[in-house]
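Asker: Sharing a structure, written as structure tokens. Questions coming.
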Amino acid sequence: MKLLSDLASPIVIGILMGGLYVVIALGLSLVFGVMKVINVAHGDMVILGSYLAFSAITMWGLNPLLWLLPSLPIFFILGILIEKYLLHRAAKMSADAALIIAFGLSLIVQNASQRIWTPQTRSLFTTYSMTTFKIGNIYIPLVYLLDFFAALLVMAAVHQFLKRTYLGQAITAASQDRQTAELMGINPSRVYQIAFGISMALASIAGIFYGLTFPFNPQSGNPNLIIAFGVIILGGLGSIGGTFIGGMIFGLSQTLGGHFLGPTGQQLVPFLMVLIVLTIRPQGLFGR
Amino acid sequence: MRRYLYIIILVAVAIVLALLPVVGAPKTWLLYLFYFYVFLAAANMWNLLAGFSGLLALCPAAFIGLGGYIMTILTWLGIPYYVGLVAGGLLAALFAMLISVSVFRMRGVYFAIGTLVVPAILRLVFLRWKPVGGDFEGGGAGYMVKGVRAIPPEVTYWLAMAIGLLSMILIMIILRSKFGLGLAAIRDNDTSAASSGINVFRLKLYSFIIAAFVMGMTGAIFYMNIGYIEPTNAFDISWLMLVLLATVIGGKGMEWGPLVGTIIVVGLRFQLARYAGISLLIQGLILVVIMLVAPQGIMGLVHKLRQKRFSRQSV
């Protein structure tokens, strides 16, 4: 019983934190599913989202959650532009070419944020940053709870969008079989642009919640990218449910690893999980 | 005849480069060239993996860092650096064999991500692990390379040059051997390669191990020159960026691609030192522009232009 009550806190925190990883990973998963492009700039786009929110807070004293409203369209349009002018031609040539362009974008965003916001570590500090709940003998920070609810909301929204709307169905069709989708009269260029725009909008949501939860600096993008990859790969590419489970596994292995093995374990165990799961099931847990 | 001419030119260039430290060339030249050799070896080996074998292995830092660490730790045990250099390569190759058990089960993106995680794991392990030394060394504090001052700088230069040359020669030999033919068949279509009797798994494994061996030695010579190694730098993603940049600018999957790419990358690195604040931004822009203008890299562009001229002549 003692062990169980000790474990309750890391388990709850792990699941809640997993929610944040799900939000970070969803955009990446969508772009990969539709365009078969590994967007290595995704982690940096998330951090760009955090930084823009940071500026909005310091300049206008906005609540970061309110900043979501302008942030979503900004990133959506940015995503469409990037896809239209940079990725589209490259993605047609080869998956590698698009990957390398994304890599170049990642360098540009990193360096630009360093110039604009200095290399200093920042965080989105609000009045409720320090608020915690006590349930039983578990302390839960409010922001973790927000992360988790954001994850549920975003997942439900993406799921409904893909299932119910014409565009969503077109995206699903294009990700299942590009050629057949084209034959059915779906315009792939348009679908790709929309998908990339949505992925960027998701990155901006992830950025705001990431900034609320953790401190960030211009270099935070790469570790995030590896985490996001771990999450979608664990769950299996192209499966939203899988991504959710992947996020939970990643969060849990982080907190439980930290609980049993200390700070190194906290970082090490999730990566080991990725390797172990992929060794046993090379296509991910729910991969096709 | 033309082939011999190439070889004669190459040998002549190599002799001149080898003599530079003896005739008292400026120190900065030697430093540029040292970086050139190290990056060339790493880029050539990555080209072998990603360009010729279809293995998008995102873990060059694992082999490079491991090679550097083995060499450094061995100097602490009183083993001379040249033994450590080879041991670094051998252990990196052994490590490649070890992780191949896991990562070779994965395909495509899964392989890429599986390998991307490896250097991150090694970094965390070396942040904690203190195989030698006292309380103040090892872990996050890193290690000095023991007795690094006793190594004459020209020896480091020659060793790096030897490794750079080795990587070039290896690629030349591989591409002209049955092994290379097999790799080309796999790259073009691995199902039909397998059905015509090529052991796809084994050939890919061979090139993985060869690349790990040379990258291990590369890491050893690089950190020998710096004289200091610590985990965050040794297993950093910037190694991946470097090989990617050099290979892609030059032309991935082209024999001479990494050579051309490395010349540009080293030139950029030193030219951009003046604009340190925005050097990454410029590198990123170059990467994007090159990909849009010449997706096959510079050698690919040269190849295309030559073909165009050829076809015009024949008309």
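Residues in the structure tokens are numbered from 1 in each chain, the chains being A, B, ... in the order shown, and ligands are numbered from 1 in the order shown.
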Residues within 7 Å of Ser199 of chain A, please, as a PyMOL selection string. Count only C-alpha atoms; anything in the same chain fewer than 5 positions from it doesn't count.
Answerer: chain A and resi 27-28+30-31
Asker: Please report as CSV every residue of chain B lying within 7 Å of chain A, along with the nearest atom pair and their distance in Å (one decimal), using only C-alpha atoms.
Answerer:
residue,atom,partner,partner_atom,distance
B:Ser102,CA,A:Thr279,CA,5.0
B:Val103,CA,A:Thr279,CA,6.8
B:Arg105,CA,A:Pro282,CA,6.0
B:Met106,CA,A:Pro282,CA,4.9
B:Tyr110,CA,A:Ile233,CA,6.8
B:Ile113,CA,A:Phe229,CA,6.8
B:Gly114,CA,A:Leu275,CA,6.1
B:Val117,CA,A:Phe271,CA,6.2
B:Ile121,CA,A:Leu268,CA,6.1
B:Leu124,CA,A:Leu268,CA,6.4
B:Ile278,CA,A:Asn111,CA,6.4
B:Leu280,CA,A:Leu107,CA,5.8
B:Leu281,CA,A:Ile108,CA,4.4
B:Gly284,CA,A:Gly104,CA,3.9
B:Leu285,CA,A:Gly104,CA,6.3
B:Leu287,CA,A:Gly104,CA,5.4
B:Val288,CA,A:Ile101,CA,4.9
B:Met291,CA,A:Ala97,CA,6.3
B:Leu292,CA,A:Ala90,CA,6.7
B:Pro295,CA,A:Ala97,CA,6.5
Asker: Can I get the selected residues back with N, CA and C atoms, as a compact mmCIF listing (two decimals), in the first residue's frame?
Answerer:
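Dumped to part23.txt:
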# COMPACT_ATOMS: atom_id res chain seq x y z
N SER B 102 18.45 -4.03 -32.62
CA SER B 102 17.19 -3.33 -32.40
C SER B 102 16.76 -2.51 -33.63
N VAL B 103 17.61 -1.60 -34.08
CA VAL B 103 17.16 -0.63 -35.09
C VAL B 103 16.95 -1.25 -36.47
N ARG B 105 15.38 -3.79 -37.15
CA ARG B 105 14.03 -4.33 -37.27
C ARG B 105 13.07 -3.27 -37.80
N MET B 106 13.48 -1.99 -37.70
CA MET B 106 12.59 -0.90 -38.09
C MET B 106 12.85 -0.51 -39.54
N TYR B 110 10.58 4.89 -39.05
CA TYR B 110 10.79 4.25 -37.75
C TYR B 110 12.29 4.06 -37.51
N ILE B 113 13.83 7.50 -36.62
CA ILE B 113 13.57 7.94 -35.25
C ILE B 113 14.27 7.03 -34.25
N GLY B 114 14.25 5.73 -34.52
CA GLY B 114 14.95 4.79 -33.63
C GLY B 114 16.41 5.17 -33.49
N VAL B 117 17.14 8.51 -31.44
CA VAL B 117 17.08 8.40 -29.99
C VAL B 117 18.42 7.94 -29.40
N ILE B 121 20.28 8.86 -25.77
CA ILE B 121 20.49 7.91 -24.67
C ILE B 121 21.95 7.93 -24.23
N LEU B 124 22.86 10.85 -22.05
CA LEU B 124 22.40 10.73 -20.67
C LEU B 124 23.27 9.74 -19.89
N ILE B 278 24.19 35.21 -36.49
CA ILE B 278 23.18 34.76 -37.45
C ILE B 278 23.72 33.65 -38.35
N LEU B 280 23.72 30.41 -38.02
CA LEU B 280 22.79 29.29 -38.21
C LEU B 280 21.70 29.68 -39.19
N LEU B 281 21.25 30.93 -39.06
CA LEU B 281 20.19 31.41 -39.94
C LEU B 281 20.64 31.37 -41.39
N GLY B 284 20.80 27.83 -42.58
CA GLY B 284 19.46 27.34 -42.86
C GLY B 284 18.94 27.84 -44.19
N LEU B 285 19.16 29.15 -44.46
CA LEU B 285 18.72 29.73 -45.73
C LEU B 285 19.40 29.03 -46.90
N LEU B 287 20.60 26.05 -47.02
CA LEU B 287 20.04 24.70 -47.15
C LEU B 287 18.72 24.74 -47.93
N VAL B 288 17.85 25.67 -47.53
CA VAL B 288 16.53 25.76 -48.18
C VAL B 288 16.69 26.12 -49.65
N MET B 291 18.11 23.33 -51.79
CA MET B 291 17.13 22.27 -52.01
C MET B 291 16.12 22.67 -53.08
N LEU B 292 15.77 23.96 -53.12
CA LEU B 292 14.78 24.40 -54.10
C LEU B 292 15.40 24.53 -55.50
N PRO B 295 18.03 20.24 -56.05
CA PRO B 295 17.71 19.22 -55.04
C PRO B 295 18.71 18.07 -55.01
Asker: Contacts of Ile74 of chain A at 10 Å or less, counting only C-alpha atoms, minus same-chain residues fewer than 6 places along, as a list in words?
Answerer: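 Once the adjacent positions are removed, what remains is Leu68, Gly197, Met200, Ala201 and Ser204 of chain A.
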Asker: Keeping only C-alpha atoms, write the selected residues as a PDB file, in the first residue's frame.
Answerer:
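And here is the file that came out, selection-v2.pdb:
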ATOM      1  CA  LEU A  68      -4.866  31.403 -28.583  1.00  0.00           C
ATOM      2  CA  GLY A 197      -1.725  24.876 -41.797  1.00  0.00           C
ATOM      3  CA  MET A 200       1.093  24.681 -37.512  1.00  0.00           C
ATOM      4  CA  ALA A 201      -2.017  25.824 -35.650  1.00  0.00           C
ATOM      5  CA  SER A 204       0.893  27.142 -31.678  1.00  0.00           C
TER       6      SER A 204
END
Asker: Which residues are near Lys146 of chain B? Cut-off 10 Å, only C-alpha atoms, ignore same chain within fewer than 4 positions. Put them as a list in words.
Answerer: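 Result of the neighbour search: Met71, Thr72, Ile73, Leu74, Thr75, Trp76, Leu77, Gly78, Ile79, Pro80, Tyr81, Ala150, Met224, Gly227 and Tyr228 of chain B.
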Asker: Output N, CA and C atoms for every residue in the selection just made, as a short mmCIF file (atom, residue, chain, number, x, y, z; two decimals), in the first residue's frame.
Answerer:
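Printed below is selection35.cif as written:
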data_model
loop_
_atom_site.label_atom_id
_atom_site.label_comp_id
_atom_site.auth_asym_id
_atom_site.auth_seq_id
_atom_site.Cartn_x
_atom_site.Cartn_y
_atom_site.Cartn_z
N MET B 71 38.63 6.84 -26.88
CA MET B 71 40.01 7.30 -26.99
C MET B 71 40.41 8.04 -25.71
N THR B 72 39.54 8.94 -25.25
CA THR B 72 39.88 9.74 -24.07
C THR B 72 40.04 8.86 -22.82
N ILE B 73 39.09 7.97 -22.63
CA ILE B 73 39.13 7.12 -21.44
C ILE B 73 40.38 6.24 -21.48
N LEU B 74 40.73 5.75 -22.66
CA LEU B 74 41.92 4.90 -22.76
C LEU B 74 43.18 5.67 -22.41
N THR B 75 43.24 6.98 -22.76
CA THR B 75 44.44 7.73 -22.39
C THR B 75 44.55 7.84 -20.87
N TRP B 76 43.41 7.84 -20.19
CA TRP B 76 43.44 7.88 -18.73
C TRP B 76 43.96 6.56 -18.17
N LEU B 77 43.82 5.47 -18.93
CA LEU B 77 44.30 4.18 -18.47
C LEU B 77 45.74 3.95 -18.93
N GLY B 78 46.35 5.00 -19.48
CA GLY B 78 47.75 4.88 -19.88
C GLY B 78 47.95 4.23 -21.23
N ILE B 79 46.91 4.10 -22.00
CA ILE B 79 47.04 3.50 -23.33
C ILE B 79 47.28 4.61 -24.35
N PRO B 80 48.29 4.47 -25.21
CA PRO B 80 48.63 5.58 -26.12
C PRO B 80 47.50 5.94 -27.06
N TYR B 81 47.53 7.21 -27.52
CA TYR B 81 46.39 7.75 -28.27
C TYR B 81 46.15 7.04 -29.59
N ALA B 150 51.60 16.14 -25.41
CA ALA B 150 52.76 15.40 -25.92
C ALA B 150 52.57 15.03 -27.39
N MET B 224 40.69 14.50 -29.91
CA MET B 224 42.11 14.53 -29.58
C MET B 224 42.66 15.92 -29.84
N GLY B 227 41.23 18.20 -27.23
CA GLY B 227 41.89 17.90 -25.96
C GLY B 227 40.91 17.79 -24.81
N TYR B 228 39.63 17.77 -25.11
CA TYR B 228 38.63 17.77 -24.05
C TYR B 228 37.33 17.23 -24.62
#
Asker: DSSP on the backbone: which residues in segment 79-287 of chain A end up as strand (DSSP E)? Give the answer as a ChimeraX atom specification.
Answerer: /A:132-135,138-141
Asker: What is the distance between atom CA of Gln160 of chain A and atom CA of Ile205 of chain A, in Å to one decimal?
Answerer: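 Those two atoms sit 17.5 Å apart.
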